[in-house]
file entry13.csv (CSV, C-alpha atoms and all ligand atoms)
chain,number,residue,atom,x,y,z
A,3,MET,CA,9.5,-17.6,5.1
A,4,ILE,CA,7.3,-14.5,5.0
A,5,LYS,CA,8.4,-12.0,7.6
A,6,LYS,CA,6.1,-9.1,6.6
A,7,GLN,CA,2.7,-10.0,5.2
A,8,ARG,CA,1.2,-7.9,2.5
A,9,LYS,CA,-2.1,-6.1,3.1
A,10,PRO,CA,-3.8,-3.3,1.2
A,11,SER,CA,-1.5,-0.3,1.3
A,12,ILE,CA,-2.5,2.9,3.0
A,13,LYS,CA,-2.6,4.6,-0.4
A,14,LEU,CA,-5.1,2.0,-1.7
A,15,ARG,CA,-7.2,2.2,1.5
A,16,GLN,CA,-7.2,6.1,1.3
A,17,LEU,CA,-8.5,6.0,-2.3
A,18,GLU,CA,-11.2,3.4,-1.3
A,19,ALA,CA,-12.3,5.7,1.6
A,20,LEU,CA,-12.3,8.8,-0.5
A,21,PHE,CA,-14.2,7.2,-3.3
A,22,ARG,CA,-16.8,5.9,-0.8
A,23,ARG,CA,-17.2,9.2,0.9
A,24,LEU,CA,-16.9,11.8,-1.9
A,25,ASN,CA,-20.1,13.4,-3.0
A,26,THR,CA,-21.5,11.4,-6.0
A,27,SER,CA,-21.7,14.5,-8.2
A,28,HIS,CA,-18.2,15.9,-7.5
A,29,HIS,CA,-16.3,16.8,-10.7
A,30,ARG,CA,-13.1,15.0,-9.5
A,31,ARG,CA,-14.8,11.7,-8.8
A,32,LYS,CA,-13.7,10.2,-12.1
A,33,ASP,CA,-10.1,11.0,-11.4
A,34,VAL,CA,-10.3,9.4,-7.9
A,35,GLU,CA,-11.9,6.4,-9.5
A,36,ASP,CA,-9.2,6.0,-12.2
A,37,ASP,CA,-6.5,6.2,-9.5
A,38,LEU,CA,-8.4,3.7,-7.4
A,39,PHE,CA,-8.5,1.2,-10.2
A,40,LYS,CA,-4.8,1.6,-10.8
A,41,ALA,CA,-4.0,1.1,-7.1
A,42,ARG,CA,-6.3,-2.0,-7.1
A,43,ALA,CA,-4.6,-3.4,-10.1
A,44,GLY,CA,-1.2,-2.8,-8.4
A,45,TYR,CA,-2.3,-4.7,-5.4
A,46,LYS,CA,-3.6,-7.5,-7.5
A,47,GLY,CA,-0.2,-7.8,-9.2
A,48,GLU,CA,1.5,-7.9,-5.8
A,49,GLN,CA,-0.8,-10.6,-4.6
A,50,GLN,CA,-0.1,-12.6,-7.8
A,51,LEU,CA,3.7,-12.2,-7.1
A,52,ASP,CA,3.2,-13.4,-3.5
A,53,TYR,CA,1.4,-16.5,-4.9
A,54,ASP,CA,4.2,-17.2,-7.4
A,55,LEU,CA,6.7,-16.9,-4.6
A,56,THR,CA,5.0,-19.7,-2.7
A,57,PHE,CA,6.5,-22.1,-5.2
A,58,LEU,CA,10.0,-21.3,-4.0
A,59,ARG,CA,11.5,-24.5,-2.7
A,60,ASP,CA,14.4,-22.8,-0.9
A,61,HIS,CA,13.3,-21.7,2.5
A,62,GLU,CA,16.4,-19.6,3.1
A,63,PHE,CA,14.7,-16.5,1.9
A,64,LEU,CA,13.1,-14.1,4.2
A,65,ILE,CA,10.3,-12.2,2.3
A,66,LEU,CA,9.3,-8.7,3.2
A,67,SER,CA,6.4,-7.2,1.4
A,68,ASP,CA,5.5,-3.5,0.8
A,69,LEU,CA,8.4,-1.9,2.7
A,70,ARG,CA,8.6,1.9,2.8
A,71,LEU,CA,11.9,3.1,4.2
A,72,PRO,CA,13.2,6.6,5.1
A,73,HIS,CA,16.0,7.9,2.9
A,74,GLN,CA,17.6,11.3,2.9
A,75,GLY,CA,14.5,13.1,4.2
A,76,LYS,CA,12.2,11.2,1.7
A,77,HIS,CA,11.0,7.6,1.5
A,78,PHE,CA,11.3,4.8,-1.0
A,79,GLN,CA,9.0,1.8,-1.5
A,80,LEU,CA,9.9,-1.8,-2.2
A,81,ASP,CA,7.1,-4.1,-3.4
A,82,SER,CA,8.9,-7.3,-2.3
A,83,LEU,CA,12.3,-7.8,-0.9
A,84,LEU,CA,13.8,-11.2,-0.6
A,85,ILE,CA,16.8,-11.6,1.6
A,86,SER,CA,19.0,-14.7,2.0
A,87,PRO,CA,22.5,-15.2,3.4
A,88,TYR,CA,23.8,-15.0,-0.2
A,89,PHE,CA,22.1,-12.1,-1.9
A,90,PHE,CA,19.2,-9.6,-1.8
A,91,LEU,CA,16.5,-9.6,-4.4
A,92,HIS,CA,14.1,-6.7,-5.0
A,93,ILE,CA,11.0,-7.4,-7.1
A,94,ASP,CA,8.7,-4.8,-8.5
A,95,ALA,CA,5.4,-6.1,-9.8
A,96,LYS,CA,3.6,-4.5,-12.7
A,97,HIS,CA,0.0,-5.6,-13.3
A,98,LEU,CA,-0.7,-4.2,-16.7
A,99,SER,CA,-2.5,-6.0,-19.6
A,100,GLY,CA,-2.2,-5.3,-23.3
A,101,LYS,CA,0.8,-4.9,-25.6
A,102,ILE,CA,3.7,-3.4,-23.7
A,103,GLU,CA,6.8,-2.0,-25.3
A,104,ILE,CA,9.8,-0.9,-23.3
A,105,ASP,CA,12.4,1.5,-24.8
A,106,HIS,CA,15.4,2.1,-22.6
A,107,THR,CA,17.1,4.6,-24.9
A,108,LEU,CA,14.2,7.0,-24.4
A,109,GLY,CA,13.5,5.8,-20.8
A,110,GLN,CA,9.8,5.0,-21.6
A,111,MET,CA,7.2,2.3,-21.7
A,112,LYS,CA,4.1,2.2,-23.8
A,113,ARG,CA,1.0,0.1,-23.2
A,114,VAL,CA,-1.7,-0.4,-25.8
A,115,ARG,CA,-4.9,-1.7,-24.4
A,116,PRO,CA,-7.2,-4.1,-26.2
A,117,ASN,CA,-9.4,-1.1,-27.2
A,118,ASN,CA,-6.3,0.6,-28.7
A,119,GLU,CA,-6.1,3.3,-26.0
A,120,GLU,CA,-2.5,4.0,-25.1
A,121,ASP,CA,-0.8,4.8,-21.8
A,122,VAL,CA,2.8,6.0,-21.4
A,123,TYR,CA,5.0,5.2,-18.4
A,124,SER,CA,8.7,5.5,-17.5
A,125,ASP,CA,10.9,2.5,-18.2
A,126,PRO,CA,10.4,0.4,-15.0
A,127,THR,CA,14.1,-0.5,-14.8
A,128,LEU,CA,14.9,3.1,-14.1
A,129,GLN,CA,12.8,2.8,-10.9
A,130,ILE,CA,14.4,-0.4,-9.8
A,131,LYS,CA,17.9,0.9,-10.3
A,132,ARG,CA,17.0,4.0,-8.2
A,133,HIS,CA,15.6,1.8,-5.5
A,134,GLU,CA,18.7,-0.4,-5.6
A,135,LEU,CA,20.9,2.6,-5.0
A,136,GLN,CA,18.6,3.8,-2.2
A,137,LEU,CA,18.7,0.4,-0.5
A,138,ARG,CA,22.5,0.3,-0.8
A,139,GLU,CA,22.8,3.7,0.9
A,140,TRP,CA,20.2,2.7,3.5
A,141,LEU,CA,22.3,-0.4,4.4
A,142,GLN,CA,25.5,1.8,4.6
A,143,VAL,CA,23.8,4.4,6.9
A,144,ASN,CA,22.4,1.6,9.1
A,145,LYS,CA,25.9,0.0,9.2
A,146,GLN,CA,24.8,-3.3,7.6
A,147,PRO,CA,27.2,-5.2,5.4
A,148,LEU,CA,26.6,-5.0,1.6
A,149,LEU,CA,25.2,-8.1,-0.1
A,150,PRO,CA,25.1,-8.7,-3.8
A,151,PHE,CA,22.0,-7.1,-5.0
A,152,GLU,CA,19.6,-8.1,-7.8
A,153,SER,CA,16.3,-6.6,-8.9
A,154,LEU,CA,13.6,-7.7,-11.2
A,155,VAL,CA,10.6,-6.1,-12.9
A,156,VAL,CA,7.9,-8.8,-13.0
A,157,PHE,CA,4.8,-8.4,-15.2
A,158,THR,CA,2.0,-10.3,-13.5
A,159,HIS,CA,-1.0,-9.9,-15.8
A,160,PRO,CA,-1.8,-13.0,-17.9
A,161,ASN,CA,-2.8,-10.8,-20.8
A,162,ALA,CA,0.4,-8.8,-20.9
A,163,TYR,CA,2.5,-9.2,-24.1
A,164,LEU,CA,5.9,-7.8,-23.7
A,165,THR,CA,8.3,-6.3,-26.3
A,166,ILE,CA,11.7,-5.0,-25.1
A,167,LEU,CA,13.4,-2.9,-27.8
A,168,ASN,CA,16.9,-3.7,-28.8
A,169,GLY,CA,19.8,-2.4,-26.8
A,170,HIS,CA,18.1,-2.5,-23.4
A,171,PRO,CA,21.0,-3.0,-20.9
A,172,TYR,CA,18.7,-4.5,-18.2
A,173,ARG,CA,16.6,-6.8,-20.4
A,174,ARG,CA,17.4,-9.8,-18.2
A,175,ARG,CA,15.7,-8.0,-15.3
A,176,ILE,CA,12.3,-7.8,-17.0
A,177,ILE,CA,10.3,-11.0,-17.0
A,178,LYS,CA,6.7,-12.4,-16.9
A,179,ASN,CA,5.7,-14.0,-13.6
A,180,GLY,CA,5.7,-17.5,-15.2
A,181,LEU,CA,9.5,-17.3,-15.3
A,182,LEU,CA,10.0,-16.0,-11.8
A,183,ILE,CA,11.0,-19.2,-10.0
A,184,GLU,CA,13.4,-20.3,-12.8
A,185,LYS,CA,15.0,-16.9,-12.6
A,186,ILE,CA,15.4,-17.0,-8.9
A,187,THR,CA,16.9,-20.5,-9.1
A,188,GLY,CA,19.4,-19.2,-11.6
A,189,LEU,CA,20.4,-16.4,-9.2
A,190,GLN,CA,20.8,-19.0,-6.4
A,191,GLN,CA,23.3,-20.8,-8.5
A,192,LYS,CA,25.2,-17.6,-9.3
A,193,TYR,CA,25.6,-16.6,-5.6
A,194,ARG,CA,26.9,-19.5,-3.6
A,195,ARG,CA,29.1,-17.8,-1.0
A,196,PRO,CA,27.1,-16.8,2.2
A,197,VAL,CA,27.8,-13.2,3.4
A,198,PHE,CA,25.4,-13.2,6.3
A,199,SER,CA,24.7,-15.6,9.1
A,200,HIS,CA,21.1,-16.5,9.8
A,201,LYS,CA,21.4,-14.4,13.0
A,202,ASP,CA,22.5,-11.4,11.0
A,203,LEU,CA,19.7,-11.9,8.6
A,204,GLN,CA,17.1,-11.8,11.4
A,205,LYS,CA,18.7,-8.7,12.7
A,206,ILE,CA,18.6,-6.8,9.5
A,207,CYS,CA,15.0,-8.0,8.9
A,208,ARG,CA,14.0,-6.6,12.3
A,209,GLN,CA,15.6,-3.3,11.4
A,210,LEU,CA,13.9,-3.1,8.0
A,211,ILE,CA,10.5,-3.8,9.6
A,212,LYS,CA,11.2,-1.2,12.4
A,213,GLN,CA,12.0,1.5,9.9
A,214,HIS,CA,9.0,0.8,7.7
A,215,THR,CA,6.9,4.0,7.6
A,216,PRO,CA,3.4,3.7,6.2
A,217,SER,CA,2.5,6.7,4.1
A,218,TRP,CA,-0.5,9.0,4.5
A,219,GLU,CA,-1.1,11.6,1.8
A,220,ASN,CA,-3.4,14.5,2.0
A,221,LEU,CA,-5.7,13.5,-0.9
A,222,LEU,CA,-8.2,16.4,-0.3
A,223,GLN,CA,-5.3,18.7,-1.2
A,224,LYS,CA,-4.1,16.5,-4.0
A,225,TYR,CA,-7.5,16.5,-5.8
A,226,SER,CA,-8.5,20.0,-4.6
A,227,ILE,CA,-11.5,18.6,-2.7
A,228,SER,CA,-13.2,20.6,0.0
A,229,PRO,CA,-13.9,18.8,3.4
A,230,ASP,CA,-17.6,19.8,2.8
A,231,ASP,CA,-17.7,17.5,-0.2
A,232,ILE,CA,-17.0,14.5,2.1
A,233,ARG,CA,-20.1,12.6,3.1
A,234,THR,CA,-20.3,12.2,6.9
A,235,GLY,CA,-22.2,9.6,9.0
A,236,VAL,CA,-22.0,5.9,9.6
A,237,PHE,CA,-22.7,3.7,6.6
A,238,CYS,CA,-24.8,0.5,7.1
A,239,PRO,CA,-22.4,-2.4,6.3
A,240,LYS,CA,-25.3,-4.5,5.1
A,241,CYS,CA,-27.3,-2.2,2.7
A,242,GLY,CA,-25.1,0.9,2.5
A,243,TRP,CA,-27.7,3.3,3.9
A,244,ARG,CA,-26.3,6.4,5.5
A,245,PRO,CA,-26.5,7.7,8.2
A,246,MET,CA,-27.1,5.0,10.8
A,247,GLU,CA,-28.6,6.1,14.1
A,248,ARG,CA,-27.1,5.5,17.5
A,249,ILE,CA,-29.7,4.2,19.9
A,250,HIS,CA,-28.7,2.9,23.3
A,251,GLY,CA,-25.2,2.2,22.4
A,252,ASN,CA,-26.1,0.4,19.2
A,253,TRP,CA,-26.0,1.6,15.6
A,254,ARG,CA,-29.3,1.0,13.8
A,255,CYS,CA,-30.0,1.2,10.1
A,256,ILE,CA,-33.1,3.3,9.5
A,257,ASN,CA,-33.8,1.7,6.1
A,258,GLN,CA,-37.0,-0.1,6.9
A,259,SER,CA,-36.2,-3.1,4.7
A,260,CYS,CA,-32.9,-3.6,6.5
A,261,LYS,CA,-32.9,-2.5,10.2
A,262,TYR,CA,-29.4,-3.9,10.7
A,263,GLU,CA,-28.0,-3.3,14.2
A,264,ASP,CA,-24.5,-3.5,15.5
A,265,ARG,CA,-22.4,-1.9,18.3
A,266,ASN,CA,-19.3,-1.3,16.3
A,267,CYS,CA,-20.3,0.2,13.0
A,268,HIS,CA,-18.6,3.5,13.9
A,269,LEU,CA,-15.2,1.8,13.6
A,270,ALA,CA,-15.3,1.6,9.8
A,271,ALA,CA,-16.4,5.3,9.7
A,272,LEU,CA,-13.5,6.3,11.9
A,273,ASP,CA,-11.1,4.4,9.6
A,274,ASP,CA,-12.5,6.5,6.7
A,275,PHE,CA,-12.0,9.7,8.7
A,276,ALA,CA,-8.4,8.8,9.5
A,277,LEU,CA,-7.7,7.8,5.9
A,278,ILE,CA,-9.2,11.0,4.5
A,279,PHE,CA,-8.5,13.7,7.1
A,280,GLY,CA,-5.4,12.2,8.9
A,281,PRO,CA,-5.1,10.3,12.1
A,282,MET,CA,-5.9,13.0,14.7
A,283,ILE,CA,-9.5,13.5,15.8
A,284,SER,CA,-11.1,15.7,18.5
A,285,ASN,CA,-14.4,15.0,20.3
A,286,ALA,CA,-16.1,17.7,18.2
A,287,GLN,CA,-14.8,16.3,14.9
A,288,LEU,CA,-16.0,12.8,15.9
A,289,ARG,CA,-19.5,14.2,16.8
A,290,ASN,CA,-19.7,15.9,13.5
A,291,PHE,CA,-18.5,12.9,11.5
A,292,LEU,CA,-20.7,10.3,13.2
A,293,HIS,CA,-23.7,12.6,13.6
A,294,LEU,CA,-23.8,12.5,17.4
A,295,SER,CA,-25.0,15.4,19.5
A,296,SER,CA,-23.7,14.3,22.9
A,297,PHE,CA,-20.2,15.1,24.1
A,298,ALA,CA,-20.5,12.3,26.6
A,299,THR,CA,-21.3,9.7,24.0
A,300,ALA,CA,-18.4,10.8,21.8
A,301,TYR,CA,-16.1,10.7,24.8
A,302,ARG,CA,-17.3,7.2,25.7
A,303,ILE,CA,-16.6,6.0,22.1
A,304,LEU,CA,-13.1,7.5,22.1
A,305,SER,CA,-12.3,6.1,25.6
A,306,ASN,CA,-13.5,2.6,24.7
A,307,MET,CA,-11.1,2.6,21.7
A,308,LYS,CA,-8.2,3.1,24.1
A,309,LEU,CA,-6.5,5.5,21.8
A,310,LEU,CA,-3.3,7.5,22.5
A,311,TYR,CA,-4.2,11.2,23.0
A,312,LYS,CA,-2.6,14.6,23.7
A,313,GLY,CA,-4.1,17.7,25.4
A,314,GLU,CA,-6.8,17.9,28.0
A,315,GLN,CA,-10.5,18.5,28.2
A,316,ARG,CA,-12.0,19.9,25.0
A,317,TYR,CA,-8.6,20.5,23.5
A,318,ARG,CA,-7.8,16.8,23.6
A,319,VAL,CA,-7.1,15.1,20.3
A,320,TYR,CA,-6.9,11.4,19.8
A,321,TYR,CA,-4.7,9.4,17.5
A,322,LEU,CA,-6.5,6.9,15.2
A,323,PRO,CA,-3.9,4.3,14.1
A,324,LEU,CA,-3.8,3.8,10.3
A,325,ASP,CA,-1.9,0.5,10.1
B,401,ZN,ZN,-29.0,-1.2,6.3
call {"tool": "encode", "arguments": {"input": "entry13.csv", "output": "structure tokens", "more": "lines below"}}
Ligand SMILES: [Zn+2]
result
Amino acid sequence: MIKKQRKPSIKLRQLEALFRRLNTSHHRRKDVEDDLFKARAGYKGEQQLDYDLTFLRDHEFLILSDLRLPHQGKHFQLDSLLISPYFFLHIDAKHLSGKIEIDHTLGQMKRVRPNNEEDVYSDPTLQIKRHELQLREWLQVNKQPLLPFESLVVFTHPNAYLTILNGHPYRRRIIKNGLLIEKITGLQQKYRRPVFSHKDLQKICRQLIKQHTPSWENLLQKYSISPDDIRTGVFCPKCGWRPMERIHGNWRCINQSCKYEDRNCHLAALDDFALIFGPMISNAQLRNFLHLSSFATAYRILSNMKLLYKGEQRYRVYYLPLD
């Protein structure tokens, strides 16, 4: 049973927004694009994993996707966490194609693409071991009983050819997605003694979801991009023209071959604002971003969105929810 559905992460949505809005001639555009492709591939892998998990016959698992939990002043992220009365299973999806070689003695992984370009990563079992430890500590801090814990690295790309070098102590934890169900069935046979009641399970699930903290990272700072290099205005959802004009409460595309009109086109622009600049916005920032001259119009837009706010009059800032 899926308790927390997967949707594109804040990180992926931030990169999408930044790539859409960054000046087309900016020198960091290629870096943003590369990171966006990686994040999209990651999401694709996670979706493939979700699909593979639909073949699980046993409905005793509660499945939580994309959890980000606080731990000792930082956060750790779990792609997929399956919990049952018998054991926990954490699965980390890797969506890489090409020839992949994992060497635990040096803690590294190499991928050779079809065009012979090489990428180097850390041995992914190092990350799952770290997450395992963090989740154990999280359970202790939150006064939850400890369950047997398993974790897997699952390669989801059909064109991934894996080699695991000799002497890898966790080689059984690295598989391709085709073997996932068989692997899980094997674990179910290994852990037959229930540790949790179903009621306990629901309780811990609620606590995990409650502590889930979506991330927002200041990407302008990360890529050294000035706010002036972000293109403002409302994009036409039909033809991509920018900026749309607001006329009598409607957004209108001024591209003569399009002329699309809609009342709510500003919502996508405000999503972009929150993803790029953070979730707080003032009336003046909104006017600047949406190309509006009237304080009253901006006020009406913000009031209609029924946002939380703090401060009064022109010092008021509104909170745009990211999730
Ligand atoms: Zn248009």
call {"tool": "residues_near_ligand", "arguments": {"input": "entry13.csv", "ligand": "ligand ZN 401 (chain B)", "cutoff": "6 Å", "atoms": "all atoms listed in the file", "output": "PDB file with C-alpha atoms, in the frame of the given file"}}
result
ATOM      1  CA  CYS A 238     -24.800   0.500   7.100  1.00  0.00           C
ATOM      2  CA  LYS A 240     -25.300  -4.500   5.100  1.00  0.00           C
ATOM      3  CA  CYS A 241     -27.300  -2.200   2.700  1.00  0.00           C
ATOM      4  CA  GLY A 242     -25.100   0.900   2.500  1.00  0.00           C
ATOM      5  CA  TRP A 243     -27.700   3.300   3.900  1.00  0.00           C
ATOM      6  CA  CYS A 255     -30.000   1.200  10.100  1.00  0.00           C
ATOM      7  CA  ASN A 257     -33.800   1.700   6.100  1.00  0.00           C
ATOM      8  CA  CYS A 260     -32.900  -3.600   6.500  1.00  0.00           C
ATOM      9  CA  LYS A 261     -32.900  -2.500  10.200  1.00  0.00           C
ATOM     10  CA  TYR A 262     -29.400  -3.900  10.700  1.00  0.00           C
TER      11      TYR A 262
END
call {"tool": "residues_around", "arguments": {"input": "entry13.csv", "residues": "Asp37 in chain A", "least_positions_apart": "5", "cutoff": "12 Å", "atoms": "only C-alpha atoms", "output": "PyMOL selection string"}}
result
chain A and resi 13-18+20-21+30-32+42-44+221+224-225
call {"tool": "write_last_selection", "arguments": {"input": "entry13.csv", "atoms": "C-alpha atoms", "output": "PDB file, keeping the file's coordinate frame"}}
result
ATOM      1  CA  LYS A  13      -2.600   4.600  -0.400  1.00  0.00           C
ATOM      2  CA  LEU A  14      -5.100   2.000  -1.700  1.00  0.00           C
ATOM      3  CA  ARG A  15      -7.200   2.200   1.500  1.00  0.00           C
ATOM      4  CA  GLN A  16      -7.200   6.100   1.300  1.00  0.00           C
ATOM      5  CA  LEU A  17      -8.500   6.000  -2.300  1.00  0.00           C
ATOM      6  CA  GLU A  18     -11.200   3.400  -1.300  1.00  0.00           C
ATOM      7  CA  LEU A  20     -12.300   8.800  -0.500  1.00  0.00           C
ATOM      8  CA  PHE A  21     -14.200   7.200  -3.300  1.00  0.00           C
ATOM      9  CA  ARG A  30     -13.100  15.000  -9.500  1.00  0.00           C
ATOM     10  CA  ARG A  31     -14.800  11.700  -8.800  1.00  0.00           C
ATOM     11  CA  LYS A  32     -13.700  10.200 -12.100  1.00  0.00           C
ATOM     12  CA  ARG A  42      -6.300  -2.000  -7.100  1.00  0.00           C
ATOM     13  CA  ALA A  43      -4.600  -3.400 -10.100  1.00  0.00           C
ATOM     14  CA  GLY A  44      -1.200  -2.800  -8.400  1.00  0.00           C
ATOM     15  CA  LEU A 221      -5.700  13.500  -0.900  1.00  0.00           C
ATOM     16  CA  LYS A 224      -4.100  16.500  -4.000  1.00  0.00           C
ATOM     17  CA  TYR A 225      -7.500  16.500  -5.800  1.00  0.00           C
TER      18      TYR A 225
END
call {"tool": "closest_residue", "arguments": {"input": "entry13.csv", "among": "A:Arg173, A:Ala162, A:Ser284, A:Ile303", "to": "Gln315 in chain A", "atoms": "all atoms listed in the file"}}
result
A:Ser284
call {"tool": "residues_near_point", "arguments": {"input": "entry13.csv", "point": "(4.3, -12.3, 5.2)", "cutoff": "12 Å", "atoms": "all atoms listed in the file", "output": "VMD selection string"}}
result
chain A and resid 3 to 9 49 52 to 53 55 to 56 63 to 69 82 to 84 211
call {"tool": "atom_distance", "arguments": {"input": "entry13.csv", "atom1": "CA of Gln223 in chain A", "atom2": "CA of Lys40 in chain A"}}
result
19.6 Å
call {"tool": "closest_residue", "arguments": {"input": "entry13.csv", "among": "A:Asp264, A:Glu139, A:Asp325, A:Glu314", "to": "Leu71 in chain A", "atoms": "all atoms listed in the file"}}
result
A:Glu139
call {"tool": "closest_residue", "arguments": {"input": "entry13.csv", "among": "A:Phe275, A:Tyr163, A:Phe90, A:Tyr172", "to": "Lys131 in chain A", "atoms": "only C-alpha atoms"}}
result
A:Tyr172
call {"tool": "closest_residue", "arguments": {"input": "entry13.csv", "among": "A:Ile85, A:Leu322, A:Val114, A:Tyr317", "to": "Leu269 in chain A", "atoms": "all atoms listed in the file"}}
result
A:Leu322
call {"tool": "closest_residue", "arguments": {"input": "entry13.csv", "among": "A:Asp81, A:Glu62, A:Glu219, A:Glu247", "to": "Phe279 in chain A", "atoms": "all atoms listed in the file"}}
result
A:Glu219
call {"tool": "residues_around", "arguments": {"input": "entry13.csv", "residues": "range 111-113 of chain A", "least_positions_apart": "5", "cutoff": "7 Å", "atoms": "only C-alpha atoms", "output": "ChimeraX atom specification"}}
result
/A:100-105,120-125
call {"tool": "decode", "arguments": {"input": "entry13.csv", "residues": "range 24-46 of chain A", "atoms": "C-alpha atoms", "output": "PDB file, in the first residue's frame"}}
result
ATOM      1  CA  LEU A  24      17.660  31.870 -16.723  1.00  0.00           C
ATOM      2  CA  ASN A  25      18.780  34.247 -19.486  1.00  0.00           C
ATOM      3  CA  THR A  26      19.433  32.161 -22.582  1.00  0.00           C
ATOM      4  CA  SER A  27      22.951  33.581 -22.984  1.00  0.00           C
ATOM      5  CA  HIS A  28      24.046  33.015 -19.355  1.00  0.00           C
ATOM      6  CA  HIS A  29      27.418  31.238 -19.043  1.00  0.00           C
ATOM      7  CA  ARG A  30      26.141  28.821 -16.326  1.00  0.00           C
ATOM      8  CA  ARG A  31      23.169  27.651 -18.405  1.00  0.00           C
ATOM      9  CA  LYS A  32      24.973  24.485 -19.543  1.00  0.00           C
ATOM     10  CA  ASP A  33      25.771  23.515 -15.915  1.00  0.00           C
ATOM     11  CA  VAL A  34      22.142  24.032 -14.891  1.00  0.00           C
ATOM     12  CA  GLU A  35      21.031  21.964 -17.890  1.00  0.00           C
ATOM     13  CA  ASP A  36      23.442  19.108 -17.027  1.00  0.00           C
ATOM     14  CA  ASP A  37      22.194  19.007 -13.434  1.00  0.00           C
ATOM     15  CA  LEU A  38      18.593  19.174 -14.665  1.00  0.00           C
ATOM     16  CA  PHE A  39      19.167  16.126 -16.919  1.00  0.00           C
ATOM     17  CA  LYS A  40      20.693  14.213 -13.994  1.00  0.00           C
ATOM     18  CA  ALA A  41      17.750  15.097 -11.744  1.00  0.00           C
ATOM     19  CA  ARG A  42      15.261  14.089 -14.471  1.00  0.00           C
ATOM     20  CA  ALA A  43      17.066  10.754 -14.931  1.00  0.00           C
ATOM     21  CA  GLY A  44      16.950  10.211 -11.155  1.00  0.00           C
ATOM     22  CA  TYR A  45      13.212  10.819 -11.135  1.00  0.00           C
ATOM     23  CA  LYS A  46      12.749   8.432 -14.055  1.00  0.00           C
TER      24      LYS A  46
END
